[in-house]
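Novice: Take a look at the following structure, please.
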4 protein chains.
Amino acid sequence: MQTRYRANDLGISIGQLAPGRLDAITDVPGVRVGHTTIIEGSDVRTGVTAVVFDGCEGHGLPNRLFAGAHVFSGAGELGGFIQIMEWGFIESPVLLTNTLSVGEVRDAAQRYLAEKYPTLGITADPVIPIVGECDDGYLNDMKGRHVREEHVRQAIAGARGGPVEEGNVGGGTGMYSFDFKSGIGTASRRLPEDRGGYVVGCLVMANMGERRRLTIAGVPVGQEIDDLLTTDVVEGSAVVVLATDAPLLPHQLCQLARRAAVGLGRVGSYGSHGSGEFVVAVSTATVIPRVSARRTFPIEALVPSRSRLNPLYEAAIESCEEAVVNSLLKAQTMQGREGHVAHALPLDRLLEVMRRYGRLAENARGG
Amino acid sequence: MQTRYRANDLGISIGQLAPGRLDAITDVPGVRVGHTTIIEGSDVRTGVTAVVFDGCEGHGLPNRLFAGAHVFSGAGELGGFIQIMEWGFIESPVLLTNTLSVGEVRDAAQRYLAEKYPTLGITADPVIPIVGECDDGYLNDMKGRHVREEHVRQAIAGARGGPVEEGNVGGGTGMYSFDFKSGIGTASRRLPEDRGGYVVGCLVMANMGERRRLTIAGVPVGQEIDDLLTTDVVEGSAVVVLATDAPLLPHQLCQLARRAAVGLGRVGSYGSHGSGEFVVAVSTATVIPRVSARRTFPIEALVPSRSRLNPLYEAAIESCEEAVVNSLLKAQTMQGREGHVAHALPLDRLLEVMRRYGRLAENARGG
Amino acid sequence: MQTRYRANDLGISIGQLAPGRLDAITDVPGVRVGHTTIIEGSDVRTGVTAVVFDGCEGHGLPNRLFAGAHVFSGAGELGGFIQIMEWGFIESPVLLTNTLSVGEVRDAAQRYLAEKYPTLGITADPVIPIVGECDDGYLNDMKGRHVREEHVRQAIAGARGGPVEEGNVGGGTGMYSFDFKSGIGTASRRLPEDRGGYVVGCLVMANMGERRRLTIAGVPVGQEIDDLLTTDVVEGSAVVVLATDAPLLPHQLCQLARRAAVGLGRVGSYGSHGSGEFVVAVSTATVIPRVSARRTFPIEALVPSRSRLNPLYEAAIESCEEAVVNSLLKAQTMQGREGHVAHALPLDRLLEVMRRYGRLAENARGG
Amino acid sequence: MQTRYRANDLGISIGQLAPGRLDAITDVPGVRVGHTTIIEGSDVRTGVTAVVFDGCEGHGLPNRLFAGAHVFSGAGELGGFIQIMEWGFIESPVLLTNTLSVGEVRDAAQRYLAEKYPTLGITADPVIPIVGECDDGYLNDMKGRHVREEHVRQAIAGARGGPVEEGNVGGGTGMYSFDFKSGIGTASRRLPEDRGGYVVGCLVMANMGERRRLTIAGVPVGQEIDDLLTTDVVEGSAVVVLATDAPLLPHQLCQLARRAAVGLGRVGSYGSHGSGEFVVAVSTATVIPRVSARRTFPIEALVPSRSRLNPLYEAAIESCEEAVVNSLLKAQTMQGREGHVAHALPLDRLLEVMRRYGRLAENARGG
């Protein structure tokens with residue numbers, strides 16, 4: 001296995017805002033990530049990733065967190081999307097897996113939650129889990145449906161804060177983007193204290209894009225490195241999870257999600273007709289009780305203004321852009337189903353290109 | 001002038017929830033209504049109606065109230081719609097007028113607000129007023145653009161609480177619906193105290209529908225009274241303003257607006273291809289500061305649940321349905337441009353029909 | 001088993017347009033319906049209904065038909081919704097089942113289609129089936145997941161034209177609405193020849209509504225018959241399938257779908273916060289090839305105008321309203337899980353009420 | 001006046017697809033552009049731009065062209081937006097002007113059309129013109145409302161094919177972006193013959209963005225050239241007009257519009273909370289008759305597939321990105337209201353930066 005590095009490690013700077021401490025979605029307090037990576041034999045290359053929100057933990061019943069969503073390109077499914085748009089909240093982890101395992105993952109999550117909260121689906125309404133999917137069928141025996149209930153439980157139960165594993169892990173195990181191996185990537189941005197000090201974190205399962213469009217920090221990397229192609233050109237999808245501790249309301253989280261799609265575009269996505277590219281945005285700031293003796297609950301909301309919202313929009317775009325880049329940088333070359341190979345983006349060549357385009361930190365102004 | 005009565009006065013009961021004290025949008029605390037009715041000579045039959053929200057009154061700058069909207073049929077304009085969907089609030093009165101006076105009314109409202117808040121458009125962002133329109137060209141010399149700045153100012157400045165004039169007043173002066181004279185109508189519903197005691201009020205400028213579809217309290221009135229037609233069959237539009245003191249967030253106000261369209265449907269609208277039927281919903285519960293030294297502001301929001309939201313949905317539907325009916329019941333026969341006549345719905349014949357269908361209060365079970 | 005009758009059989013007339021020959025969605029040429037009804041022991045009360053479109057049958061690969069959709073209330077899932085909104089077409093049957101069987105039904109449909117079109121998911125993009133769900137857990141052991149692959153295949157393969165079974169069949173087997181047993185219902189409207197002679201057909205899986213709101217042909221039936229309640233008050237959902245041979249484009253099918261929701265509202269739905277009420281609308285007029293040697297394909301589209309579109313809107317509302325009523329009229333009393341009972345709407349009492357309100361055909365004007 | 005050059009003239013290459021012959025929206029057959037530029041005294045700096053579609057020219061009544069739209073950021077107005085979303089077509093020019101002249105421009109366009117088609121608004125439905133606006137109040141005495149009817153007529157009547165004037169012209173006269181003078185810009189992309197040979201053209205009135213975000217062909221120009229700022233930081237808006245001869249349907253034009261927003265993002269927009277950034281997309285391929293003796297009209301539509309639609313998406317993004325860049329490159333330094341100055345982007349410094357980042361054509365690989 002090669003040693004792989006993240007954008008920041010390599011001196012590749014995406015955007016202008018400062019990252020959070022870990023440059024990961026887990027910089028947002030109360031957000032945890034768990035991966036189950038399933039690699040077996042020559043053709044099982046899949047898994048499940050869970051983004052778990054402490055705010056949804058309740059006594060007796062789960063609580064809710066405000067959420068919004070956006071469809072950049074709609075050729076796919078995002079389980080729970082309609083409910084997010086109606087209710088403006090989520091009450092479960094966001095789960096990422098392959099296209100044909102959506103049903104199993106949803107069912108497993110429902111069972112997991114029903115054990116944890118025994119009245120769910122009995123006297124209380126069931127939870128509709130949020131499940132995103134991409135097609136990993138190039139490397140993975142997707143039709144074998146290798147994601148099983150225990151994998152989902154393990155991803156949720158094992159979710160933790162701290163550094164997030166990236167690349168060929170969890171739901172991203174068998175994914176590729178821009179004809180390079182990709183998978184899971186993450187990044188974050190922390191606003192200055194005078195802008196509220198909020199954190200916007202992003203985790204993406206990336207599986208989209210054509211090589212010739214790959215753009216890293218504005219550099220046309222995909223035109224410069226045009227070999228190491230896969231033999232398959234069917235784009236999958238991308239599922240973007242944004243989290244923030246900024247106290248945003250559902251319609252503002254939809255704004256954030258809509259803008260994050262620009263991050264996909266900056267890396268080179270054009271929202272292919274065959275690709276489902278979705279964004280889910282969650283605010284951890286306000287816990288909405290599922291059950292309450294009171295009729296109302298208190299919220300501290302952001303006073304809406306340019307100076308308060310724009311930095312969050314910028315953070316959403318930048319963290320999404322960098323998360324996709326990290327998903328490429330951290331992924332290892334993988335061989336899978338039918339001998340198919342997806343190559344890792346070669347870091348030495350990347351650095352050479354970035355240098356040539358004046359985009360490495362040490363010589364950004366030196367060319 | 002005939003004496004005209006509202007639905008409740010006639011024993012015609014729409015829906016199941018109790019009305020507020022006045023059965024008017026002004027039952028919602030902090031909501032005021034002003035009309036300027038412009039009737040001159042043989043062919044000027046128009047005006048402007050202002051729904052004014054105390055919550056938008058600010059010191060130095062206007063404040064904001066959460067809002068949502070819905071397009072049931074989109075053949076028309078609702079000035080400010082895009083901004084409501086983006087920002088989730090309004091910061092001005094909602095103004096109703098004829099199609100060709102939208103520009104004048106918006107400009108006048110902007111000037112009015114700029115006088116009141118001198119920094120607007122200078123150091124502070126301008127306000128985009130919410131302006132709804134229907135086509136009153138059958139009775140009114142609409143192309144003469146008879147609504148002038150002073151009319152708008154008068155409607156806003158004269159807005160008050162208490163009973164609301166209905167029928168041939170304000171923006172509704174020259175409107176007709178279901179081939180009967182209509183105009184402005186209002187109604188409200190008050191939830192029981194154990195459901196929060198909230199009020200949902202509705203004011204509609206009604207200008208839509210075909211006679212044969214007119215349905216009042218479930219009775220096919222338009223099939224029973226099929227004479228007294230106009231000579232014109234071009235439907236206009238309907239602009240519905242919902243207000244509530246329930247502490248709803250923007251996405252919930254969109255839910256309310258979407259459901260209110262059922263009220264239009266229950267009276268007989270099918271959302272004609274040539275009709276713009278819009279709903280704007282505003283919550284008076286939370287004042288959002290435009291400027292604040294603090295980063296956040298407090299909200300008490302409704303804990304989302306069936307028992308808390310469903311009664312509000314029902315109230316929205318019922319108050320919208322009754323407001324349209326009241327706009328018909330209170331309107332007087334009017335002659336206007338080119339001798340065109342829109343007839344008032346004949347109350348005696350209406351009562352006879354309602355009785356025959358078992359729908360008058362005294363004999364609802366006696367037929 | 002009681003003998004049950006449809007609205008038309010009973011002289012209950014919904015709306016103003018003439019029904020098609022069978023007053024069923026199958027009046028639309030090329031639309032077939034298949035049910036698999038699963039009733040076993042004391043607590044299995046479920047099934048699957050398939051609405052199959054001949055236009056999707058292709059050589060080697062399925063073809064596509066234009067489609068649109070609308071969410072009236074979003075507390076549920078409609079598999080394939082995002083894709084309909086993005087692509088504007090469907091390429092599979094629309095399948096209706098219980099909430100927890102969505103995954104199985106989708107997978108089974110994908111396997112069925114993959115057998116029929118072996119390159120699907122290999123060299124050709126997979127099909128995302130359209131799957132609607134309601135919660136039948138009151139009568140059915142939903143958690144037992146009794147819908148299996150063979151049931152789905154049987155529903156699709158058994159789909160045929162002609163009269164459509166209604167009530168406790170297929171996906172509607174265990175459903176109830178307005179606290180009466182309901183299930184599957186259908187209806188249609190045929191426009192006069194001078195309006196194009198088009199047919200709009202509707203099939204609904206109805207599982208929504210509160211008794212006191214039940215309204216049939218404008219009559220407050222639910223207030224008149226307020227006994228025979230279930231012991232459960234959790235609303236499920238409603239999935240409405242509209243089909244038409246009118247040559248509508250996707251945005252026009254969305255218009256149709258949006259208006260059909262008025263039909264739900266006219267029967268008494270207010271789009272409960274806990275209910276997912278969805279409409280899918282499909283035009284059979286134009287077959288869109290999945291693969292073509294040509295770059296374009298020909299469409300004959302409706303010249304957009306009031307006179308051409310409004311009758312279709314009316315037909316959508318009326319056929320939806322009547323389909324819900326038929327789902328109630330044709331359903332039999334059913335006992336299921338844990339001895340729960342959902343009562344059939346008693347026809348004798350219904351007729352007495354309708355008569356009292358002047359709403360039976362023989363005395364509509366006689367009271 | 002400095003000599004100003006377009007991106008292509010300077011060897012700055014945006015994207016990967018080939019431009020059309022003129023690299024302008026007028027490369028799309030049947031699309032004409034007219035500008036009225038109003039510069040008077042020291043503080044009138046405004047105008048109106050008309051994008052005119054031959055396909056809308058009819059005999060007796062205007063015809064229609066399919067259209068779609070997208071709101072990237074909704075703090076503004078786009079007259080006619082709701083109707084585009086409902087009807088899926090336009091039937092008038094698209095007009096661009098300053099925020100406070102929207103009413104005048106719309107009225108003038110309606111009068112112009114009513115003269116041309118005398119039955120409009122009499123026996124035929126009036127046309128709702130599409131009017132986009134940005135705030136040019138920094139350089140222009142916007143409150144003086146200097147756009148008058150004759151200016152609108154002149155822009156429409158003077159619209160012609162061929163090269164399009166850019167920069168400080170028409171509606172863009174007083175606009176600025178990224179704190180440099182901008183205005184009107186245009187660009188186009190022509191697909192290879194084997195992808196249909198279609199043209200996608202874009203014209204933008206650009207008035208958005210913060211300097212530090214300005215990115216040209218991936219190069220962080222705004223960070224490199226951080227002087228020559230305006231004294232005002234209020235972003236306005238951007239109105240993007242896409243035209244194509246590809247035979248797209250309304251929902252596909254909405255897809256195109258949604259993707260074009262990525263072009264705004266690639267230049268550095270994050271969709272500011274105070275900015276209205278809108279895209280309107282029109283296909284010239286199919287003329288929809290307003291009146292027809294036939295019930296239907298023929299369309300040749302694109303067979304939907306990746307290979308047919310993706311190049312159009314790419315073309316939309318690239319032409320939008322380049323049009324914004326051209327609006328900057330072609331604009332001249334302007335002084336206006338209260339002595340305010342917006343500086344032209346200095347081309348020599350730009351070229352130096354582009355060269356340093358390896359982004360001039362002659363040395364793209366040489367750095």
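Identifiers in this document derive from the order of the structure tokens: chains are assigned A, B, ..., residues are numbered from 1 separately in each chain, and ligands are numbered from 1 in order of occurrence.
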Show me, as a PyMOL selection string, the residues that have an atom within 7 Å of region 177-189 of chain A when counting only C-alpha atoms, minus same-chain residues fewer than 3 positions from it.

Specialist: chain A and resi 17-20+23-25+27+166-169+172-174+199-211+214+229-230+315+319+322-324+326-328+331-333+342-345

Novice: Skip Ser92 (chain A) itself and residues of its chain fewer than 4 positions away, then list as a ChimeraX atom specification all residues within 9 Å of it, counting only C-alpha atoms.

Specialist: /A:52-53,56-57,62-64,109,113,127-130

Novice: Hey, which of D:His251, D:Arg213, D:Arg21, D:Arg153 ends up closest to Gly68 (chain C)? Count only C-alpha atoms.

Specialist: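 Smallest separation from Gly68 (chain C) among the options: D:His251.
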
Novice: Just checking: using only C-alpha atoms, which residue out of C:Asp141, C:Asp54, C:Asp9, C:Glu314 ends up closest to chain A?

Specialist: C:Asp141

Novice: Residues of chain A no more than 8 Å from chain C, counting only C-alpha atoms: send them over as an NGL selection string.

Specialist: :A and (73-77 or 79-80 or 82-83 or 85-87 or 100 or 102-104 or 107 or 128)

Novice: Could you write out, as a ChimeraX atom specification, all the residues of region 214-325 of chain A that DSSP marks as strand (DSSP E)?

Specialist: /A:237-244,276-288,296-302

Novice: For the selection you just gave me, I'd like the residues written to a file as a compact mmCIF listing (two decimals), in the first residue's frame, keeping N, CA and C atoms.

Specialist:
# COMPACT_ATOMS: atom_id res chain seq x y z
N SER A 237 -22.62 8.41 -8.77
CA SER A 237 -23.35 9.42 -8.05
C SER A 237 -22.40 10.05 -7.06
N ALA A 238 -22.90 10.98 -6.29
CA ALA A 238 -22.14 11.51 -5.18
C ALA A 238 -23.14 11.85 -4.09
N VAL A 239 -22.85 11.45 -2.89
CA VAL A 239 -23.69 11.83 -1.77
C VAL A 239 -22.85 12.68 -0.84
N VAL A 240 -23.32 13.89 -0.61
CA VAL A 240 -22.60 14.86 0.19
C VAL A 240 -23.36 15.06 1.50
N VAL A 241 -22.68 14.90 2.61
CA VAL A 241 -23.29 15.18 3.91
C VAL A 241 -22.59 16.40 4.50
N LEU A 242 -23.37 17.44 4.73
CA LEU A 242 -22.85 18.64 5.39
C LEU A 242 -23.35 18.66 6.81
N ALA A 243 -22.52 19.05 7.73
CA ALA A 243 -22.95 19.25 9.11
C ALA A 243 -22.40 20.58 9.58
N THR A 244 -23.16 21.23 10.43
CA THR A 244 -22.67 22.49 10.98
C THR A 244 -23.26 22.69 12.37
N GLY A 276 -26.59 10.55 -9.82
CA GLY A 276 -27.41 11.14 -8.77
C GLY A 276 -26.50 11.86 -7.81
N GLU A 277 -26.56 13.17 -7.78
CA GLU A 277 -25.67 13.95 -6.92
C GLU A 277 -26.52 14.75 -5.96
N PHE A 278 -26.42 14.36 -4.69
CA PHE A 278 -27.31 14.84 -3.66
C PHE A 278 -26.52 15.46 -2.51
N VAL A 279 -27.12 16.42 -1.87
CA VAL A 279 -26.53 17.01 -0.68
C VAL A 279 -27.56 16.98 0.44
N VAL A 280 -27.14 16.53 1.60
CA VAL A 280 -27.95 16.61 2.82
C VAL A 280 -27.19 17.50 3.79
N ALA A 281 -27.88 18.47 4.37
CA ALA A 281 -27.22 19.38 5.31
C ALA A 281 -27.95 19.34 6.65
N VAL A 282 -27.19 19.21 7.72
CA VAL A 282 -27.76 19.03 9.06
C VAL A 282 -27.14 20.06 10.00
N SER A 283 -27.96 20.69 10.81
CA SER A 283 -27.44 21.56 11.87
C SER A 283 -27.57 20.86 13.20
N THR A 284 -26.47 20.87 13.94
CA THR A 284 -26.49 20.20 15.25
C THR A 284 -26.87 21.16 16.37
N ALA A 285 -27.16 22.39 16.02
CA ALA A 285 -27.29 23.42 17.06
C ALA A 285 -28.55 23.28 17.92
N THR A 286 -29.60 22.78 17.34
CA THR A 286 -30.87 22.75 18.05
C THR A 286 -31.41 21.34 18.11
N VAL A 287 -31.66 20.87 19.28
CA VAL A 287 -32.28 19.55 19.42
C VAL A 287 -33.79 19.74 19.49
N ILE A 288 -34.48 19.10 18.55
CA ILE A 288 -35.94 19.18 18.49
C ILE A 288 -36.48 17.95 19.19
N THR A 296 -44.12 24.03 22.76
CA THR A 296 -43.04 24.63 21.96
C THR A 296 -41.68 24.26 22.53
N PHE A 297 -40.67 24.55 21.76
CA PHE A 297 -39.30 24.34 22.22
C PHE A 297 -38.48 25.55 21.76
N PRO A 298 -37.41 25.84 22.50
CA PRO A 298 -36.66 27.05 22.19
C PRO A 298 -35.57 26.83 21.13
N ILE A 299 -35.40 27.82 20.30
CA ILE A 299 -34.35 27.84 19.29
C ILE A 299 -33.61 29.16 19.42
N GLU A 300 -32.29 29.11 19.29
CA GLU A 300 -31.54 30.33 19.04
C GLU A 300 -31.15 30.29 17.56
N ALA A 301 -31.75 31.15 16.76
CA ALA A 301 -31.50 31.12 15.31
C ALA A 301 -30.58 32.26 14.91
N LEU A 302 -29.90 32.05 13.81
CA LEU A 302 -29.00 33.07 13.30
C LEU A 302 -29.81 34.25 12.77

Novice: Set the distance at 7 Å and use only C-alpha atoms: which residues neighbour region 218-221 of chain A once local chain neighbours fewer than 2 positions away are removed? I'd like the list as a list in words.

Specialist: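 Surrounding residues, per the criterion: Leu214, Thr215, Ile216, Gln223, Glu224, Ile225, Val353, Met354 and Tyr357 of chain A; Gly218 and Val219 of chain D.
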
Novice: So the first atom is CA of Ser42 (chain A) and the second is CA of Ala157 (chain A); what is the distance between them in Å, to one decimal place?

Specialist: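 So the two atoms, CA of Ser42 (chain A) and CA of Ala157 (chain A), lie 27.7 Å apart.
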
Novice: What is the distance, in Å and to one decimal place, between CA of Leu95 (chain B) and CA of Tyr313 (chain B)?

Specialist: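 Distance reported for this atom pair: 23.9 Å.
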
Novice: Taking only region 185-350 of chain C into account, list the residues labelled alpha helix (DSSP H) by DSSP (computed from the backbone), as a PyMOL selection string.

Specialist: chain C and resi 221-224+250-267+306-329+347-350

Novice: Restricted to N, CA and C atoms, what would the selected residues look like written as a compact mmCIF listing (two decimals), in the first residue's frame?

Specialist:
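Once everything was written out, this is out17.txt:
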# COMPACT_ATOMS: atom_id res chain seq x y z
N VAL C 221 -70.25 12.92 5.17
CA VAL C 221 -70.61 11.56 5.57
C VAL C 221 -69.96 11.19 6.89
N GLY C 222 -68.73 11.62 7.09
CA GLY C 222 -68.00 11.23 8.29
C GLY C 222 -68.58 11.85 9.56
N GLN C 223 -69.29 12.93 9.42
CA GLN C 223 -69.95 13.49 10.60
C GLN C 223 -71.28 12.82 10.85
N GLU C 224 -71.86 12.28 9.81
CA GLU C 224 -73.15 11.62 9.94
C GLU C 224 -73.00 10.17 10.42
N PRO C 250 -43.67 16.32 -19.47
CA PRO C 250 -43.44 16.13 -18.03
C PRO C 250 -43.92 17.29 -17.16
N HIS C 251 -43.66 18.53 -17.58
CA HIS C 251 -44.10 19.63 -16.72
C HIS C 251 -45.61 19.71 -16.66
N GLN C 252 -46.26 19.29 -17.71
CA GLN C 252 -47.73 19.29 -17.68
C GLN C 252 -48.26 18.15 -16.84
N LEU C 253 -47.53 17.04 -16.80
CA LEU C 253 -47.94 15.93 -15.93
C LEU C 253 -47.75 16.32 -14.47
N CYS C 254 -46.76 17.13 -14.19
CA CYS C 254 -46.63 17.67 -12.82
C CYS C 254 -47.82 18.58 -12.48
N GLN C 255 -48.24 19.37 -13.44
CA GLN C 255 -49.44 20.20 -13.23
C GLN C 255 -50.64 19.32 -12.89
N LEU C 256 -50.79 18.27 -13.67
CA LEU C 256 -51.91 17.35 -13.47
C LEU C 256 -51.85 16.73 -12.08
N ALA C 257 -50.65 16.31 -11.70
CA ALA C 257 -50.45 15.67 -10.40
C ALA C 257 -50.78 16.65 -9.27
N ARG C 258 -50.35 17.88 -9.43
CA ARG C 258 -50.58 18.89 -8.39
C ARG C 258 -52.08 19.12 -8.21
N ARG C 259 -52.78 19.15 -9.31
CA ARG C 259 -54.22 19.37 -9.21
C ARG C 259 -54.96 18.15 -8.65
N ALA C 260 -54.47 16.96 -8.96
CA ALA C 260 -55.15 15.77 -8.45
C ALA C 260 -55.22 15.78 -6.94
N ALA C 261 -54.25 16.43 -6.30
CA ALA C 261 -54.27 16.49 -4.84
C ALA C 261 -55.54 17.14 -4.33
N VAL C 262 -56.14 18.01 -5.14
CA VAL C 262 -57.42 18.59 -4.76
C VAL C 262 -58.47 17.49 -4.61
N GLY C 263 -58.34 16.44 -5.42
CA GLY C 263 -59.28 15.33 -5.28
C GLY C 263 -59.17 14.68 -3.92
N LEU C 264 -57.93 14.52 -3.43
CA LEU C 264 -57.75 13.99 -2.07
C LEU C 264 -58.41 14.96 -1.07
N GLY C 265 -58.20 16.24 -1.29
CA GLY C 265 -58.76 17.23 -0.38
C GLY C 265 -60.28 17.24 -0.38
N ARG C 266 -60.87 16.98 -1.53
CA ARG C 266 -62.33 17.02 -1.61
C ARG C 266 -62.95 15.86 -0.85
N VAL C 267 -62.26 14.76 -0.72
CA VAL C 267 -62.77 13.62 0.07
C VAL C 267 -62.50 13.84 1.56
N ARG C 306 -56.00 27.02 -22.40
CA ARG C 306 -57.03 26.70 -21.41
C ARG C 306 -57.96 25.58 -21.87
N SER C 307 -58.43 25.72 -23.10
CA SER C 307 -59.48 24.80 -23.53
C SER C 307 -58.96 23.38 -23.66
N ARG C 308 -57.67 23.26 -23.87
CA ARG C 308 -57.11 21.91 -24.02
C ARG C 308 -56.65 21.32 -22.69
N LEU C 309 -56.16 22.17 -21.79
CA LEU C 309 -55.60 21.63 -20.55
C LEU C 309 -56.62 21.58 -19.41
N ASN C 310 -57.48 22.57 -19.33
CA ASN C 310 -58.39 22.60 -18.18
C ASN C 310 -59.24 21.34 -18.05
N PRO C 311 -59.79 20.81 -19.13
CA PRO C 311 -60.58 19.59 -18.94
C PRO C 311 -59.75 18.44 -18.38
N LEU C 312 -58.49 18.42 -18.70
CA LEU C 312 -57.63 17.37 -18.15
C LEU C 312 -57.42 17.59 -16.65
N TYR C 313 -57.27 18.84 -16.23
CA TYR C 313 -57.15 19.12 -14.80
C TYR C 313 -58.41 18.66 -14.06
N GLU C 314 -59.55 19.03 -14.64
CA GLU C 314 -60.81 18.64 -14.00
C GLU C 314 -60.92 17.12 -13.92
N ALA C 315 -60.53 16.47 -14.99
CA ALA C 315 -60.62 15.01 -15.01
C ALA C 315 -59.70 14.39 -13.96
N ALA C 316 -58.55 15.00 -13.75
CA ALA C 316 -57.61 14.48 -12.75
C ALA C 316 -58.22 14.60 -11.35
N ILE C 317 -58.81 15.74 -11.07
CA ILE C 317 -59.40 15.95 -9.74
C ILE C 317 -60.56 14.99 -9.53
N GLU C 318 -61.44 14.92 -10.51
CA GLU C 318 -62.64 14.09 -10.34
C GLU C 318 -62.30 12.61 -10.26
N SER C 319 -61.39 12.16 -11.09
CA SER C 319 -61.10 10.73 -11.08
C SER C 319 -60.36 10.36 -9.79
N CYS C 320 -59.55 11.27 -9.27
CA CYS C 320 -58.89 10.99 -8.00
C CYS C 320 -59.92 10.95 -6.87
N GLU C 321 -60.80 11.93 -6.86
CA GLU C 321 -61.82 11.96 -5.82
C GLU C 321 -62.67 10.69 -5.86
N GLU C 322 -63.11 10.31 -7.03
CA GLU C 322 -63.97 9.13 -7.13
C GLU C 322 -63.20 7.85 -6.83
N ALA C 323 -61.94 7.79 -7.20
CA ALA C 323 -61.15 6.57 -6.93
C ALA C 323 -61.05 6.33 -5.43
N VAL C 324 -60.86 7.40 -4.65
CA VAL C 324 -60.81 7.24 -3.20
C VAL C 324 -62.16 6.74 -2.69
N VAL C 325 -63.22 7.33 -3.20
CA VAL C 325 -64.56 6.90 -2.77
C VAL C 325 -64.78 5.44 -3.12
N ASN C 326 -64.40 5.06 -4.33
CA ASN C 326 -64.57 3.65 -4.71
C ASN C 326 -63.74 2.72 -3.84
N SER C 327 -62.59 3.17 -3.40
CA SER C 327 -61.77 2.31 -2.53
C SER C 327 -62.48 2.03 -1.22
N LEU C 328 -63.30 2.97 -0.79
CA LEU C 328 -64.09 2.78 0.43
C LEU C 328 -65.33 1.93 0.15
N LEU C 329 -65.99 2.23 -0.95
CA LEU C 329 -67.26 1.55 -1.23
C LEU C 329 -67.06 0.07 -1.50
N LEU C 347 -73.23 0.64 3.40
CA LEU C 347 -73.80 1.28 2.21
C LEU C 347 -75.22 1.77 2.44
N ASP C 348 -75.97 1.02 3.23
CA ASP C 348 -77.35 1.46 3.46
C ASP C 348 -77.36 2.80 4.20
N ARG C 349 -76.54 2.90 5.18
CA ARG C 349 -76.49 4.16 5.93
C ARG C 349 -75.94 5.27 5.05
N LEU C 350 -74.98 4.93 4.24
CA LEU C 350 -74.44 5.95 3.33
C LEU C 350 -75.54 6.49 2.42

Novice: Which polymer residues have any atom within 7 Å of an atom of Asp136 (chain C), counting only C-alpha atoms, with same-chain residues fewer than 3 positions away left out, as number ranges by chain?

Specialist: C: 98, 139-140, 142, 174-175

Novice: So how far away is CA of Leu65 (chain D) from CA of Ala246 (chain D), in Å?

Specialist: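 The value is 12.0 Å.
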